[in-house]
Each structure stands twice: as C-alpha cells, then as structure tokens.
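query-v4.pdb follows (PDB, C-alpha atoms):
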ATOM      1  CA  LEU A   1       1.429 -52.333  11.905  1.00  0.00           C
ATOM      2  CA  SER A   2       4.361 -54.753  11.979  1.00  0.00           C
ATOM      3  CA  THR A   3       3.752 -56.348  15.374  1.00  0.00           C
ATOM      4  CA  GLN A   4      -0.078 -56.380  15.212  1.00  0.00           C
ATOM      5  CA  PRO A   5      -1.140 -56.758  11.554  1.00  0.00           C
ATOM      6  CA  ASN A   6      -4.790 -57.205  12.559  1.00  0.00           C
ATOM      7  CA  GLY A   7      -4.825 -54.144  14.797  1.00  0.00           C
ATOM      8  CA  LYS A   8      -6.538 -50.844  14.106  1.00  0.00           C
ATOM      9  CA  CYS A   9      -5.493 -47.338  15.127  1.00  0.00           C
ATOM     10  CA  VAL A  10      -7.674 -44.290  15.801  1.00  0.00           C
ATOM     11  CA  TYR A  11      -6.176 -40.803  16.080  1.00  0.00           C
ATOM     12  CA  LEU A  12      -8.344 -38.126  17.725  1.00  0.00           C
ATOM     13  CA  HIS A  13      -7.994 -34.358  17.892  1.00  0.00           C
ATOM     14  CA  PRO A  14     -10.416 -31.832  19.408  1.00  0.00           C
ATOM     15  CA  LYS A  15     -10.316 -29.535  16.345  1.00  0.00           C
ATOM     16  CA  PRO A  16     -11.900 -30.748  13.041  1.00  0.00           C
ATOM     17  CA  ASP A  17      -9.615 -28.577  10.890  1.00  0.00           C
ATOM     18  CA  ILE A  18      -6.518 -30.266  12.361  1.00  0.00           C
ATOM     19  CA  VAL A  19      -8.161 -33.646  11.714  1.00  0.00           C
ATOM     20  CA  SER A  20      -8.494 -32.799   8.011  1.00  0.00           C
ATOM     21  CA  GLU A  21      -4.835 -31.774   7.832  1.00  0.00           C
ATOM     22  CA  ARG A  22      -3.747 -34.974   9.566  1.00  0.00           C
ATOM     23  CA  PHE A  23      -5.881 -37.062   7.198  1.00  0.00           C
ATOM     24  CA  ASP A  24      -4.337 -35.489   4.084  1.00  0.00           C
ATOM     25  CA  ASP A  25      -0.829 -35.940   5.478  1.00  0.00           C
ATOM     26  CA  TRP A  26      -1.265 -39.533   6.653  1.00  0.00           C
ATOM     27  CA  GLN A  27      -3.130 -40.590   3.536  1.00  0.00           C
ATOM     28  CA  THR A  28      -0.036 -39.640   1.548  1.00  0.00           C
ATOM     29  CA  ARG A  29       2.467 -41.118   3.996  1.00  0.00           C
ATOM     30  CA  PHE A  30       0.738 -44.417   4.781  1.00  0.00           C
ATOM     31  CA  GLY A  31      -0.823 -44.763   1.341  1.00  0.00           C
ATOM     32  CA  ALA A  32       2.680 -45.253  -0.016  1.00  0.00           C
ATOM     33  CA  LEU A  33       2.889 -48.276   2.342  1.00  0.00           C
ATOM     34  CA  ASN A  34      -0.462 -49.657   1.145  1.00  0.00           C
ATOM     35  CA  VAL A  35      -2.049 -48.878   4.506  1.00  0.00           C
ATOM     36  CA  SER A  36      -5.636 -47.660   4.320  1.00  0.00           C
ATOM     37  CA  VAL A  37      -6.426 -44.366   6.084  1.00  0.00           C
ATOM     38  CA  GLY A  38      -9.972 -43.116   6.700  1.00  0.00           C
ATOM     39  CA  MET A  39     -11.589 -40.078   8.304  1.00  0.00           C
ATOM     40  CA  LEU A  40     -14.697 -39.872  10.465  1.00  0.00           C
ATOM     41  CA  THR A  41     -17.299 -37.426   9.137  1.00  0.00           C
ATOM     42  CA  GLY A  42     -20.147 -37.641  11.639  1.00  0.00           C
ATOM     43  CA  GLU A  43     -22.360 -39.916   9.503  1.00  0.00           C
ATOM     44  CA  THR A  44     -22.819 -42.942  11.743  1.00  0.00           C
ATOM     45  CA  MET A  45     -23.171 -45.685   9.127  1.00  0.00           C
ATOM     46  CA  ALA A  46     -20.359 -44.330   6.974  1.00  0.00           C
ATOM     47  CA  ASP A  47     -18.091 -43.906  10.012  1.00  0.00           C
ATOM     48  CA  LEU A  48     -18.716 -47.471  11.183  1.00  0.00           C
ATOM     49  CA  LYS A  49     -17.766 -48.693   7.714  1.00  0.00           C
ATOM     50  CA  VAL A  50     -14.573 -46.649   7.852  1.00  0.00           C
ATOM     51  CA  LEU A  51     -13.714 -48.150  11.250  1.00  0.00           C
ATOM     52  CA  ALA A  52     -14.347 -51.657   9.927  1.00  0.00           C
ATOM     53  CA  THR A  53     -12.340 -51.343   6.714  1.00  0.00           C
ATOM     54  CA  CYS A  54      -9.443 -48.941   7.429  1.00  0.00           C
ATOM     55  CA  LYS A  55      -6.301 -49.691   9.404  1.00  0.00           C
ATOM     56  CA  ILE A  56      -5.829 -46.079  10.508  1.00  0.00           C
ATOM     57  CA  VAL A  57      -8.730 -43.730  11.233  1.00  0.00           C
ATOM     58  CA  VAL A  58      -8.567 -40.044  12.127  1.00  0.00           C
ATOM     59  CA  GLY A  59     -11.429 -38.058  13.581  1.00  0.00           C
ATOM     60  CA  SER A  60     -12.538 -35.422  16.032  1.00  0.00           C
ATOM     61  CA  VAL A  61     -13.038 -36.192  19.706  1.00  0.00           C
ATOM     62  CA  ALA A  62     -16.722 -35.241  19.517  1.00  0.00           C
ATOM     63  CA  ILE A  63     -17.506 -37.583  16.599  1.00  0.00           C
ATOM     64  CA  PHE A  64     -15.741 -40.572  18.128  1.00  0.00           C
ATOM     65  CA  ASP A  65     -17.370 -39.849  21.474  1.00  0.00           C
ATOM     66  CA  ALA A  66     -20.781 -40.254  19.831  1.00  0.00           C
ATOM     67  CA  LEU A  67     -19.718 -43.465  18.079  1.00  0.00           C
ATOM     68  CA  SER A  68     -18.192 -45.067  21.159  1.00  0.00           C
ATOM     69  CA  ARG A  69     -21.240 -44.576  23.380  1.00  0.00           C
ATOM     70  CA  ARG A  70     -22.665 -47.849  21.996  1.00  0.00           C
ATOM     71  CA  TRP A  71     -19.406 -49.756  22.126  1.00  0.00           C
ATOM     72  CA  LYS A  72     -21.106 -52.887  23.441  1.00  0.00           C
ATOM     73  CA  GLN A  73     -23.031 -53.254  20.178  1.00  0.00           C
ATOM     74  CA  ARG A  74     -20.234 -52.105  17.873  1.00  0.00           C
ATOM     75  CA  ARG A  75     -17.565 -54.671  17.168  1.00  0.00           C
ATOM     76  CA  SER A  76     -15.424 -52.166  15.244  1.00  0.00           C
ATOM     77  CA  ILE A  77     -14.972 -50.116  18.447  1.00  0.00           C
ATOM     78  CA  GLN A  78     -14.033 -53.177  20.481  1.00  0.00           C
ATOM     79  CA  GLN A  79     -11.420 -54.239  17.924  1.00  0.00           C
ATOM     80  CA  LEU A  80      -9.278 -51.132  18.291  1.00  0.00           C
ATOM     81  CA  SER A  81      -5.714 -51.831  19.373  1.00  0.00           C
ATOM     82  CA  LEU A  82      -4.354 -48.261  19.529  1.00  0.00           C
ATOM     83  CA  LEU A  83      -6.096 -45.012  20.472  1.00  0.00           C
ATOM     84  CA  ILE A  84      -4.143 -41.754  20.172  1.00  0.00           C
ATOM     85  CA  VAL A  85      -5.638 -38.657  21.798  1.00  0.00           C
ATOM     86  CA  ASP A  86      -3.881 -35.418  20.890  1.00  0.00           C
ATOM     87  CA  GLU A  87      -3.840 -32.055  22.693  1.00  0.00           C
ATOM     88  CA  LEU A  88      -4.429 -33.410  26.208  1.00  0.00           C
ATOM     89  CA  HIS A  89      -3.547 -29.984  27.591  1.00  0.00           C
ATOM     90  CA  LEU A  90      -7.014 -28.923  26.389  1.00  0.00           C
ATOM     91  CA  LEU A  91      -8.627 -31.027  29.122  1.00  0.00           C
ATOM     92  CA  GLY A  92      -9.157 -27.809  31.019  1.00  0.00           C
ATOM     93  CA  GLY A  93     -10.796 -26.071  28.051  1.00  0.00           C
ATOM     94  CA  GLU A  94     -14.172 -26.207  26.347  1.00  0.00           C
ATOM     95  CA  ASP A  95     -13.387 -29.592  24.770  1.00  0.00           C
ATOM     96  CA  GLY A  96     -12.156 -31.007  28.084  1.00  0.00           C
ATOM     97  CA  PRO A  97     -15.386 -32.642  29.310  1.00  0.00           C
ATOM     98  CA  ILE A  98     -15.832 -34.600  26.063  1.00  0.00           C
ATOM     99  CA  MET A  99     -12.198 -35.742  26.114  1.00  0.00           C
ATOM    100  CA  GLU A 100     -12.485 -36.766  29.756  1.00  0.00           C
ATOM    101  CA  VAL A 101     -15.663 -38.789  29.215  1.00  0.00           C
ATOM    102  CA  LEU A 102     -14.262 -40.437  26.085  1.00  0.00           C
ATOM    103  CA  ILE A 103     -10.986 -41.524  27.692  1.00  0.00           C
ATOM    104  CA  SER A 104     -12.814 -42.799  30.778  1.00  0.00           C
ATOM    105  CA  ARG A 105     -15.239 -44.757  28.597  1.00  0.00           C
ATOM    106  CA  MET A 106     -12.460 -46.382  26.577  1.00  0.00           C
ATOM    107  CA  ARG A 107     -10.630 -47.335  29.765  1.00  0.00           C
ATOM    108  CA  TYR A 108     -13.815 -48.870  31.092  1.00  0.00           C
ATOM    109  CA  MET A 109     -14.389 -50.735  27.827  1.00  0.00           C
ATOM    110  CA  THR A 110     -10.869 -52.139  27.972  1.00  0.00           C
ATOM    111  CA  SER A 111     -11.396 -53.357  31.526  1.00  0.00           C
ATOM    112  CA  MET A 112     -14.671 -55.051  30.601  1.00  0.00           C
ATOM    113  CA  LEU A 113     -13.476 -56.866  27.487  1.00  0.00           C
ATOM    114  CA  PRO A 114     -11.388 -60.055  27.721  1.00  0.00           C
ATOM    115  CA  LYS A 115      -7.683 -59.517  27.220  1.00  0.00           C
ATOM    116  CA  ASN A 116      -7.869 -61.401  23.937  1.00  0.00           C
ATOM    117  CA  ASN A 117     -11.262 -60.446  22.556  1.00  0.00           C
ATOM    118  CA  GLN A 118     -11.966 -63.168  19.987  1.00  0.00           C
ATOM    119  CA  SER A 119     -15.030 -64.378  18.162  1.00  0.00           C
ATOM    120  CA  SER A 120     -15.509 -67.614  16.282  1.00  0.00           C
ATOM    121  CA  ASP A 121     -14.967 -65.786  12.983  1.00  0.00           C
ATOM    122  CA  ASP A 122     -11.613 -64.282  13.983  1.00  0.00           C
ATOM    123  CA  LYS A 123      -8.461 -66.065  12.921  1.00  0.00           C
ATOM    124  CA  GLN A 124      -6.396 -64.292  15.563  1.00  0.00           C
ATOM    125  CA  PRO A 125      -7.301 -62.766  18.919  1.00  0.00           C
ATOM    126  CA  GLN A 126      -7.637 -59.010  19.161  1.00  0.00           C
ATOM    127  CA  PRO A 127      -4.999 -57.269  21.310  1.00  0.00           C
ATOM    128  CA  LYS A 128      -5.938 -55.207  24.319  1.00  0.00           C
ATOM    129  CA  LEU A 129      -6.420 -51.505  23.623  1.00  0.00           C
ATOM    130  CA  ARG A 130      -3.404 -49.274  24.143  1.00  0.00           C
ATOM    131  CA  MET A 131      -3.990 -45.548  24.694  1.00  0.00           C
ATOM    132  CA  VAL A 132      -1.444 -42.843  23.925  1.00  0.00           C
ATOM    133  CA  GLY A 133      -1.925 -39.226  25.006  1.00  0.00           C
ATOM    134  CA  LEU A 134      -0.048 -36.347  23.389  1.00  0.00           C
ATOM    135  CA  SER A 135       0.186 -32.927  24.936  1.00  0.00           C
ATOM    136  CA  ALA A 136       2.051 -29.663  25.148  1.00  0.00           C
ATOM    137  CA  SER A 137       3.463 -28.652  28.524  1.00  0.00           C
ATOM    138  CA  LEU A 138       1.370 -29.849  31.465  1.00  0.00           C
ATOM    139  CA  ALA A 139       1.853 -28.738  35.050  1.00  0.00           C
ATOM    140  CA  ASN A 140       0.103 -31.893  36.319  1.00  0.00           C
ATOM    141  CA  ALA A 141       1.360 -34.384  33.753  1.00  0.00           C
ATOM    142  CA  LYS A 142       1.877 -37.083  36.392  1.00  0.00           C
ATOM    143  CA  GLU A 143      -1.703 -36.776  37.649  1.00  0.00           C
ATOM    144  CA  VAL A 144      -3.106 -36.902  34.119  1.00  0.00           C
ATOM    145  CA  GLY A 145      -0.971 -39.965  33.414  1.00  0.00           C
ATOM    146  CA  GLU A 146      -2.207 -41.749  36.525  1.00  0.00           C
ATOM    147  CA  TRP A 147      -5.800 -40.948  35.536  1.00  0.00           C
ATOM    148  CA  MET A 148      -5.159 -42.574  32.148  1.00  0.00           C
ATOM    149  CA  GLY A 149      -3.760 -45.661  33.890  1.00  0.00           C
ATOM    150  CA  ILE A 150      -0.084 -44.981  33.242  1.00  0.00           C
ATOM    151  CA  SER A 151       2.223 -46.742  35.632  1.00  0.00           C
ATOM    152  CA  SER A 152       4.616 -44.518  37.603  1.00  0.00           C
ATOM    153  CA  SER A 153       7.019 -47.393  38.218  1.00  0.00           C
ATOM    154  CA  LYS A 154      10.537 -46.826  36.882  1.00  0.00           C
ATOM    155  CA  SER A 155      10.643 -50.376  35.529  1.00  0.00           C
ATOM    156  CA  THR A 156       7.588 -49.767  33.328  1.00  0.00           C
ATOM    157  CA  LYS A 157       7.971 -46.073  32.561  1.00  0.00           C
ATOM    158  CA  ALA A 158       5.286 -44.821  30.202  1.00  0.00           C
ATOM    159  CA  LEU A 159       5.265 -41.070  30.895  1.00  0.00           C
ATOM    160  CA  PHE A 160       7.771 -39.188  28.755  1.00  0.00           C
ATOM    161  CA  ASN A 161       8.895 -35.573  28.654  1.00  0.00           C
ATOM    162  CA  PHE A 162      10.559 -34.628  25.371  1.00  0.00           C
ATOM    163  CA  SER A 163      13.116 -31.894  24.921  1.00  0.00           C
ATOM    164  CA  PRO A 164      12.244 -28.944  22.644  1.00  0.00           C
ATOM    165  CA  LYS A 165      15.112 -30.107  20.422  1.00  0.00           C
ATOM    166  CA  VAL A 166      13.113 -33.107  19.149  1.00  0.00           C
ATOM    167  CA  ARG A 167      10.415 -30.859  17.631  1.00  0.00           C
ATOM    168  CA  PRO A 168      10.166 -30.781  13.804  1.00  0.00           C
ATOM    169  CA  ILE A 169      10.865 -27.050  14.137  1.00  0.00           C
ATOM    170  CA  PRO A 170      13.364 -26.576  17.005  1.00  0.00           C
ATOM    171  CA  LEU A 171      12.151 -24.383  19.855  1.00  0.00           C
ATOM    172  CA  GLU A 172      14.553 -21.832  21.280  1.00  0.00           C
ATOM    173  CA  ILE A 173      13.862 -20.172  24.619  1.00  0.00           C
ATOM    174  CA  TYR A 174      15.268 -16.815  25.665  1.00  0.00           C
ATOM    175  CA  ILE A 175      14.747 -15.347  29.141  1.00  0.00           C
ATOM    176  CA  GLN A 176      15.225 -11.714  30.082  1.00  0.00           C
ATOM    177  CA  SER A 177      14.534 -10.539  33.612  1.00  0.00           C
ATOM    178  CA  PHE A 178      13.227  -7.180  34.813  1.00  0.00           C
ATOM    179  CA  ASP A 179      13.778  -6.131  38.403  1.00  0.00           C
ATOM    180  CA  VAL A 180      10.604  -4.055  38.720  1.00  0.00           C
ATOM    181  CA  HIS A 181       8.110  -5.087  41.387  1.00  0.00           C
ATOM    182  CA  SER A 182       4.995  -3.169  40.361  1.00  0.00           C
ATOM    183  CA  PHE A 183       2.995  -4.570  37.444  1.00  0.00           C
ATOM    184  CA  SER A 184       2.491  -1.241  35.652  1.00  0.00           C
ATOM    185  CA  GLY A 185       6.139  -0.306  36.078  1.00  0.00           C
ATOM    186  CA  ARG A 186       7.255  -3.702  34.794  1.00  0.00           C
ATOM    187  CA  LEU A 187       5.129  -3.315  31.662  1.00  0.00           C
ATOM    188  CA  LEU A 188       6.731   0.039  30.927  1.00  0.00           C
ATOM    189  CA  ALA A 189      10.216  -1.376  31.502  1.00  0.00           C
ATOM    190  CA  MET A 190       9.546  -4.411  29.276  1.00  0.00           C
ATOM    191  CA  GLY A 191       8.108  -2.557  26.295  1.00  0.00           C
ATOM    192  CA  LYS A 192      11.135  -1.451  24.276  1.00  0.00           C
ATOM    193  CA  PRO A 193      13.516  -4.372  25.192  1.00  0.00           C
ATOM    194  CA  VAL A 194      10.864  -6.973  24.353  1.00  0.00           C
ATOM    195  CA  PHE A 195      10.056  -5.257  21.056  1.00  0.00           C
ATOM    196  CA  HIS A 196      13.696  -5.297  19.961  1.00  0.00           C
ATOM    197  CA  ALA A 197      14.132  -8.881  21.185  1.00  0.00           C
ATOM    198  CA  VAL A 198      11.159 -10.054  19.114  1.00  0.00           C
ATOM    199  CA  LEU A 199      12.519  -8.309  16.014  1.00  0.00           C
ATOM    200  CA  ARG A 200      15.987  -9.776  16.543  1.00  0.00           C
ATOM    201  CA  HIS A 201      14.967 -13.397  17.160  1.00  0.00           C
ATOM    202  CA  ALA A 202      12.253 -13.436  14.488  1.00  0.00           C
ATOM    203  CA  THR A 203      14.782 -12.227  11.931  1.00  0.00           C
ATOM    204  CA  GLU A 204      17.328 -14.819  13.037  1.00  0.00           C
ATOM    205  CA  GLY A 205      14.757 -17.595  12.670  1.00  0.00           C
ATOM    206  CA  GLY A 206      13.884 -16.726   9.068  1.00  0.00           C
ATOM    207  CA  SER A 207      10.582 -15.891   7.425  1.00  0.00           C
ATOM    208  CA  GLY A 208       8.797 -18.931   8.882  1.00  0.00           C
ATOM    209  CA  ALA A 209       9.732 -18.289  12.493  1.00  0.00           C
ATOM    210  CA  GLY A 210       7.150 -17.616  15.172  1.00  0.00           C
ATOM    211  CA  THR A 211       7.711 -15.709  18.393  1.00  0.00           C
ATOM    212  CA  SER A 212       5.746 -15.988  21.636  1.00  0.00           C
ATOM    213  CA  VAL A 213       6.165 -13.631  24.579  1.00  0.00           C
ATOM    214  CA  GLY A 214       5.165 -14.491  28.145  1.00  0.00           C
ATOM    215  CA  GLY A 215       5.541 -12.592  31.378  1.00  0.00           C
ATOM    216  CA  GLY A 216       6.697 -14.150  34.631  1.00  0.00           C
ATOM    217  CA  GLY A 217       5.198 -13.887  38.092  1.00  0.00           C
ATOM    218  CA  GLY A 218       1.801 -15.032  36.869  1.00  0.00           C
ATOM    219  CA  GLU A 219       1.430 -12.067  34.484  1.00  0.00           C
ATOM    220  CA  LYS A 220       1.422 -12.338  30.678  1.00  0.00           C
TER     221      LYS A 220
END
Kindly present the structure from the file in structure tokens form.
Amino acid sequence: LSTQPNGKCVYLHPKPDIVSERFDDWQTRFGALNVSVGMLTGETMADLKVLATCKIVVGSVAIFDALSRRWKQRRSIQQLSLLIVDELHLLGGEDGPIMEVLISRMRYMTSMLPKNNQSSDDKQPQPKLRMVGLSASLANAKEVGEWMGISSSKSTKALFNFSPKVRPIPLEIYIQSFDVHSFSGRLLAMGKPVFHAVLRHATEGGSGAGTSVGGGGGEK
C-alpha cells in the first residue's frame, strides 16, 4: 500500500467460511487505515465492481477462478499487483485442481501482459503481478515453489520456512518413542501414555489449547 498506491491485492482461500472470517477481520483492521476491503460473492457483475473499486479483495479460490477465466476482457483482473493464495498444502486435496489451474492461469497472464501494463487513461503504469503462497508443512515445498516461479537462487531467496515460534499461538512439539515393532502392539503400548500426555499438555496450555497426536513410521 505504501510502495504501490495504485496496486490492488486479492487474497484467496479454498474455504468460503474462512473467507468470511478474513473479510470481517481485515475490514476492521484496514478500515481504520481508510483502506477499502471487499469480498467476492459469486455474482459476476458485483464482483467485478468490487475488484475495480476496492484496494483489498478477499474471496474463495472457486469464485476467483471463474472470474479470471476471461482475464483478457477484464481490466480489473489485469490490474492486480498482489495475489495471495492460502492453504497451498491443499493442492493434493479436492480443491487442488482449481488452485492449480488458477495459479497457472495467473502466471500465464503475467507472462503475456507487458511489464508495465498501462492504458492512455492511467496516470501511472500498473506493476507486474506478484504471487504469494501460504501453506502449512509441505514435504515438496521446493517443487511447489519452482512451479510457482520462485527462484531457488540464494541471492534472490523467495521460499521461506518459518519456525513454530512465530505463530500467533506458539506451537510446542513433544515426542515420545515406543520401541514396539508390530502395529497392534504399538497401539496397545501407546494408549495409556498418550492419554496422560494429552491431559498434561492440554492442561498446561490453558482452556484454549489444542492437542494433536500423530504416530510415526507412517501410522497415525
């Protein structure tokens, strides 16, 4: 917003309910800065108006996928300067194909448009689209980054792995091993220790703490 005052940002999430939460949160946060925030609803004409008038737009991947299919005829799509796609680890899930097609399309659009896309009515040239992907843990993060066009060069590093300590709610990891080779025997051995561990750590974390249990060796 400070370096590109004419730029527009679109935030996308696969789940509509998360989009609504993000809209309510950002409308409060950025509204205090006099920055307009809009949400895509699936109504084409209304959504195009939101894209044209708002600085920050939030929406679901499916809705923006439908809007961006006619990007050649829609100036508001071409004028985007920042696209944020959340939950990239869902590429392997039911929403994965839509996310994959959308990201590929936006990369193609960026390659086809001039670096400074400017019409006679624009006072300043439009910046080239920047894409940011957010994800939980990914086993093939480097491959996904290369697919999105992220450089692997150390001088222009753009792939980042953040420590659990930077989370809004710190994540603590506890590991307890069980030297039992058979799967059924390991389950029996894990039962009581895991139960007491969950009770202990959930109580230490307070009423709002969440606990997740995973098994090693490919078993959960």
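Minimum atom-to-atom distance to Gly7 (chain A), evaluated using all atoms listed in the file, belongs to A:Lys55 out of A:Leu40, A:Lys55, A:Leu102, A:Phe30.
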**OP:** Can you turn the PyMOL selection byres ((chain A and resi 20-24) around 9) into a concrete residue list for this file, as a ChimeraX atom specification?
**Re:** /A:16-19,25-29,37-39,57-59
Write the residues of the selection above to a file with C-alpha atoms, as a short mmCIF file (atom, residue, chain, number, x, y, z; two decimals), keeping the file's coordinate frame.
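Heads up, here's the output in selection30.cif:
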data_model
loop_
_atom_site.label_atom_id
_atom_site.label_comp_id
_atom_site.auth_asym_id
_atom_site.auth_seq_id
_atom_site.Cartn_x
_atom_site.Cartn_y
_atom_site.Cartn_z
CA PRO A 16 -11.90 -30.75 13.04
CA ASP A 17 -9.62 -28.58 10.89
CA ILE A 18 -6.52 -30.27 12.36
CA VAL A 19 -8.16 -33.65 11.71
CA ASP A 25 -0.83 -35.94 5.48
CA TRP A 26 -1.26 -39.53 6.65
CA GLN A 27 -3.13 -40.59 3.54
CA THR A 28 -0.04 -39.64 1.55
CA ARG A 29 2.47 -41.12 4.00
CA VAL A 37 -6.43 -44.37 6.08
CA GLY A 38 -9.97 -43.12 6.70
CA MET A 39 -11.59 -40.08 8.30
CA VAL A 57 -8.73 -43.73 11.23
CA VAL A 58 -8.57 -40.04 12.13
CA GLY A 59 -11.43 -38.06 13.58
#
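Remark: for Glu87 (chain A), the closest of the candidate residues A:Pro164, A:Pro14, A:Pro5, A:Gly185 is A:Pro14 (distances computed over only C-alpha atoms).
Here CA of Gln73 (chain A) stands at a distance of 25.8 Å from CA of Gly133 (chain A).
One distance worth recording is that between CA of Asn161 (chain A) and CA of Val144 (chain A), which is 13.3 Å.
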**OP:** Check the smallest atom-to-atom distance from each of A:Leu171, A:Val194, A:Ile84, A:Met112 to Trp71 (chain A) using all atoms listed in the file, then report the winner.
**Re:** A:Met112
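When CA of Tyr11 (chain A) is paired with CA of Val85 (chain A), their separation reads 6.1 Å.
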